[in-house]
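A.B. asks: Next up is a structure, given as structure tokens.
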Amino acid sequence: MLTPSAGYLILIIFGVLFTGVTAVIHRMDSKRKGKEMTAEQFNTAGRSVEVGLASASIVAAWTWAATIMMSSSTGYQYGISGPFWYAAGATIQILLFAILAVHLKRKAPNAHTFLEFISQRFDKKNHRLMLVFALMTNIIVTSMIILGGAITLNQLTGMNLYVAAFLIPVTFTIYTMIGGLKASFIADYLHTVILFVVLLIFGVAVYYKFGISNIYEGLRALPESKQMLTMASIPGLLFGIINIVGNFGTVFVDQAYWQRAIASTDKAASKAYIYGGISWFSIPFAVATILGVSAAGLGISVSSPDSVAPIMASHILGSVGSVLFLTMLFMAVTSAGSAELTAVTNIIVTDIYRHSINPHAGSKKLLRVSRLVTLGFGLSMGIFSILLFYLGISLGFVYMAMGIFVSAAVIPVTLGLVWKRATNAGAFYGALLGMIGGVTVWLISAYVTAGHVNVESLGGLYPMLFGNLAVFVISGVISIGHALISSEEFHFESLKDKFKSFDESNSMARKENLG
Amino acid sequence: MNDLELKKQTKLYTRWALGLSLVLVVIWPGIMFSTGYIYSLSFFTGWVYLAFGWLVFAALFITIRPFIELYKEYKR
């Protein structure tokens, strides 16, 4: 095992290195284009990102600590069906988001956030409710990502958990403050490439060192071998269904994904989600096969399946393996964290500051506010994750339960974008009652299956499944039903001029100067 | 892009997104689940190669594609 100083060293070295490299590349990039930093550029990356960079940043945002730790845990527990269900169950949301991306490009090409779109498409009430859903999603996801990273750092190096939780966000807050969304994309790219390289090293090492047939024989010798070597595993399937349902909210209600569509060119937006989804599939699929299934086959014993990945990493390559694993984890955590940071910044600036506090703010003012919000939220990310830690519930629990709290907005938001008949009341009550109903069903099914309601019974596979499904059924029935009953029709053409650039006042002033 | 092109894109990507999702969560696992096949050594080896090969392709795509775009942009 490593020492706490190794943990600090990795954090500091990578923090300084990536801040430096990202700042330099970003500076070269903007110098070459001769563009000055403006509020619009900061928050949308100029809406000019191409397919490759956009795909890389989608992969980076969707690769959490959980993608490495939890997927390996499913491989260790369920055998070969675990990695498949983890990967497939969380890839389709990215693939399906391609549909939303192209609709957004058609109907609201100048919007900054999906909430800004909601504020024009629906009424005020909906904007407020969806704002709550969106911020709740971002805060839960942020806390999970940072806490996941901090816990792993703590377990592997003995580094202080609180210090880790505060230091991890600092490493990406600085470059995001300097270069905004574009800088975070550049860092995403670097992080993703390193992550792939480390994974390839583990892949080659494990099969070269131990041999596929040895792992296979090991799996055969296990008492539960029948389940480990087939896709026809019931626990694997149940996990797959919860994974599919629960992950819709964390993609469709998370501004980070809308932001990547907004920042891309018209042509690139949807393509990036298809390519990004297919590429992302390989990460949990390979990581869980290499570190999870192999660990089960080699008979490695762990205190909890959740910690199998780092143990396997050090089993493969000793302390080098541990350092490599930490590197990979750090890459995943920081780029997913910076995606959340830019998402929250954009929401607060667009939907709170500009929408309600100072609607006439100019570009300079908005840029200053954006940077302040980035700094402020960057520093408080650690606090949120510590709060989650104090609640004392496991990350696996939060990962599975999250859908019940945030997914109610998925169908109303999606319908608002793709269907002209979606109504205000349908969207509002669909989202609100969907969440209330989902939580109720979750509590009741925990009570029915276990006879009492506590964290353990709520964490059961069936209560999670019924809770998650109820959210979709209720929100879907209400929002679709109300739209069918009333015959309102929304004209999307009316949206065309509703979204004003952050730089509007500036460019108008410039035009006047030129004229 | 004009509206007509975007409309075409909408159709294209809706098909791709739905089609690929169907393959990933219904068709592929559905076939493997319903047959209840228990992996032989050679099938397991193939499965591991699939995971590794997919990873290699994804890594190459993510690493190289942005450079090609940068190069094209630079030439312009």
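Residues in the structure tokens are numbered from 1 in each chain, the chains being A, B, ... in the order shown, and ligands are numbered from 1 in the order shown.
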Just the residues within 7 Å of Asn346 (chain A), please, counting only C-alpha atoms, with nothing from its chain fewer than 4 positions along; format it as a list in words.
C.D. replies: Asn43, Thr113, Thr342 and Thr350 of chain A
A.B. asks: Just the selected residues (C-alpha atoms), exported as a short mmCIF file (atom, residue, chain, number, x, y, z; two decimals), in the first residue's frame, please.
C.D. replies:
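For reference, selection-v6.cif as written:
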data_model
loop_
_atom_site.label_atom_id
_atom_site.label_comp_id
_atom_site.auth_asym_id
_atom_site.auth_seq_id
_atom_site.Cartn_x
_atom_site.Cartn_y
_atom_site.Cartn_z
CA ASN A 43 -19.95 29.53 -20.96
CA THR A 113 -28.91 26.03 -20.59
CA THR A 342 -19.06 24.35 -15.54
CA THR A 350 -28.05 32.10 -16.89
#
A.B. asks: Residues of chain A near chain B: apply a cut-off of 6 Å, count only C-alpha atoms, and supply the list as a list in words.
C.D. replies: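 Interface list for chain A against chain B: Gly52, Leu53, Ala56, Ala88, Ile92, Leu95, Leu96, Ile99, Val102, Val193, Phe196, Leu229, Thr230, Met231, Ala232, Ser279, Ser282 and Ala286 of chain A.
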A.B. asks: What gap, in Å, lies between CA of Ile244 (chain A) and CA of Asn468 (chain A)?
C.D. replies: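 Computing it gives 9.9 Å between the two atoms.
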A.B. asks: At a cut-off of 10 Å, using only C-alpha atoms, what residues contact Phe466 (chain A)? Leave out same-chain residues fewer than 4 positions from it and give the result as an MDAnalysis selection string.
C.D. replies: chainID A and resid 242 404 438:439 441:446 461:462 470:471
A.B. asks: For the selection just defined, write its residues with N, CA and C atoms to a file, as a compact mmCIF listing (two decimals), in the first residue's frame.
C.D. replies:
# COMPACT_ATOMS: atom_id res chain seq x y z
N ILE A 242 -32.20 -1.63 -13.12
CA ILE A 242 -32.09 -0.45 -12.25
C ILE A 242 -31.09 0.55 -12.83
N ILE A 404 -34.59 8.00 -8.29
CA ILE A 404 -35.91 8.25 -7.72
C ILE A 404 -36.09 9.74 -7.45
N GLY A 438 -42.89 8.44 -6.67
CA GLY A 438 -41.77 7.50 -6.71
C GLY A 438 -41.23 7.23 -5.32
N VAL A 439 -41.06 8.30 -4.53
CA VAL A 439 -40.54 8.14 -3.17
C VAL A 439 -41.53 7.32 -2.34
N VAL A 441 -43.75 5.04 -3.40
CA VAL A 441 -43.70 3.64 -3.80
C VAL A 441 -42.44 2.96 -3.25
N TRP A 442 -41.34 3.69 -3.27
CA TRP A 442 -40.06 3.17 -2.76
C TRP A 442 -40.20 2.81 -1.27
N LEU A 443 -40.77 3.75 -0.48
CA LEU A 443 -40.94 3.53 0.95
C LEU A 443 -41.87 2.35 1.22
N ILE A 444 -43.00 2.33 0.47
CA ILE A 444 -43.98 1.27 0.69
C ILE A 444 -43.40 -0.08 0.33
N SER A 445 -42.69 -0.16 -0.81
CA SER A 445 -42.19 -1.49 -1.19
C SER A 445 -41.07 -1.94 -0.25
N ALA A 446 -40.32 -0.98 0.32
CA ALA A 446 -39.32 -1.37 1.31
C ALA A 446 -40.03 -1.96 2.53
N LEU A 461 -32.89 -4.56 -3.85
CA LEU A 461 -33.01 -4.44 -5.30
C LEU A 461 -34.45 -4.13 -5.72
N TYR A 462 -35.44 -4.81 -5.08
CA TYR A 462 -36.83 -4.61 -5.53
C TYR A 462 -37.39 -3.24 -5.19
N ALA A 470 -41.69 3.62 -10.83
CA ALA A 470 -42.87 4.42 -10.52
C ALA A 470 -42.68 5.87 -10.97
N VAL A 471 -41.47 6.39 -10.77
CA VAL A 471 -41.19 7.77 -11.16
C VAL A 471 -41.51 7.97 -12.64
A.B. asks: When you look at region 303-308 of chain A with a cut-off of 9 Å (counting only C-alpha atoms), what residues show up, excluding the ones that are within fewer than 5 positions of it in the same chain? I need them as a ChimeraX atom specification.
C.D. replies: /A:69-74,76-77,152,155,291-292,295,313,396
A.B. asks: Limited to N, CA and C atoms, could you put the picked residues into a file as an mmCIF file, in the first residue's frame?
C.D. replies:
data_model
loop_
_atom_site.group_PDB
_atom_site.id
_atom_site.type_symbol
_atom_site.label_atom_id
_atom_site.label_comp_id
_atom_site.auth_asym_id
_atom_site.auth_seq_id
_atom_site.Cartn_x
_atom_site.Cartn_y
_atom_site.Cartn_z
ATOM 1 N N MET A 69 -14.934 1.848 -10.011
ATOM 2 C CA MET A 69 -15.083 1.072 -8.781
ATOM 3 C C MET A 69 -16.320 0.169 -8.817
ATOM 4 N N MET A 70 -17.476 0.755 -9.130
ATOM 5 C CA MET A 70 -18.721 -0.011 -9.054
ATOM 6 C C MET A 70 -18.842 -1.037 -10.159
ATOM 7 N N SER A 71 -18.329 -0.689 -11.356
ATOM 8 C CA SER A 71 -18.434 -1.652 -12.447
ATOM 9 C C SER A 71 -17.596 -2.885 -12.109
ATOM 10 N N SER A 72 -16.411 -2.661 -11.533
ATOM 11 C CA SER A 72 -15.571 -3.799 -11.145
ATOM 12 C C SER A 72 -16.265 -4.632 -10.090
ATOM 13 N N SER A 73 -16.964 -3.932 -9.193
ATOM 14 C CA SER A 73 -17.704 -4.653 -8.163
ATOM 15 C C SER A 73 -18.774 -5.559 -8.778
ATOM 16 N N THR A 74 -19.466 -5.068 -9.804
ATOM 17 C CA THR A 74 -20.486 -5.919 -10.439
ATOM 18 C C THR A 74 -19.844 -7.102 -11.167
ATOM 19 N N TYR A 76 -17.126 -8.607 -10.251
ATOM 20 C CA TYR A 76 -16.696 -9.530 -9.201
ATOM 21 C C TYR A 76 -17.883 -10.314 -8.643
ATOM 22 N N GLN A 77 -19.025 -9.626 -8.498
ATOM 23 C CA GLN A 77 -20.195 -10.270 -7.894
ATOM 24 C C GLN A 77 -21.002 -11.111 -8.873
ATOM 25 N N THR A 152 -11.514 6.744 -2.121
ATOM 26 C CA THR A 152 -10.525 5.844 -2.701
ATOM 27 C C THR A 152 -9.110 6.302 -2.375
ATOM 28 N N GLN A 155 -8.492 5.298 1.132
ATOM 29 C CA GLN A 155 -8.277 3.862 1.325
ATOM 30 C C GLN A 155 -6.912 3.405 0.818
ATOM 31 N N LEU A 291 -10.543 -5.906 -14.189
ATOM 32 C CA LEU A 291 -10.280 -5.799 -12.747
ATOM 33 C C LEU A 291 -11.309 -6.547 -11.896
ATOM 34 N N GLY A 292 -12.531 -6.740 -12.404
ATOM 35 C CA GLY A 292 -13.576 -7.371 -11.587
ATOM 36 C C GLY A 292 -13.699 -8.859 -11.825
ATOM 37 N N ALA A 295 -10.536 -10.777 -11.104
ATOM 38 C CA ALA A 295 -10.276 -10.917 -9.672
ATOM 39 C C ALA A 295 -11.059 -12.096 -9.108
ATOM 40 N N ALA A 313 -5.700 -4.077 -8.947
ATOM 41 C CA ALA A 313 -4.667 -3.295 -9.623
ATOM 42 C C ALA A 313 -3.312 -3.528 -8.978
ATOM 43 N N GLY A 396 -22.872 3.311 -3.203
ATOM 44 C CA GLY A 396 -23.665 2.395 -4.017
ATOM 45 C C GLY A 396 -25.153 2.666 -3.834
#
A.B. asks: Go through A:Met130, A:Leu104, A:Ile94, A:Ala164 one by one, measure the shortest atom-to-atom distance of each to Ala263 (chain A) using only C-alpha atoms, and give the residue with the smallest value.
C.D. replies: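 Nearest candidate to Ala263 (chain A) out of A:Met130, A:Leu104, A:Ile94, A:Ala164: A:Leu104.
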A.B. asks: Between CA of Tyr429 (chain A) and CA of Ala483 (chain A), what distance in Å does the model show, to one decimal?
C.D. replies: 11.8 Å
A.B. asks: By how many Å are CA of Ile478 (chain A) and CA of Asp123 (chain A) apart?
C.D. replies: 17.1 Å
A.B. asks: When you look at region 456-460 of chain A with a cut-off of 10 Å (counting only C-alpha atoms), what residues show up, excluding the ones that are within fewer than 4 positions of it in the same chain? I need them as a PyMOL selection string.
C.D. replies: chain A and resi 393-394+396-398+400-401+442-452+464-465+467
A.B. asks: A:Val369, A:Val344, A:Ile411, A:Ala187: which is nearest Val24 (chain A), counting only C-alpha atoms?
C.D. replies: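 Looking only at the distances to Val24 (chain A), the closest residue turns out to be A:Ala187.
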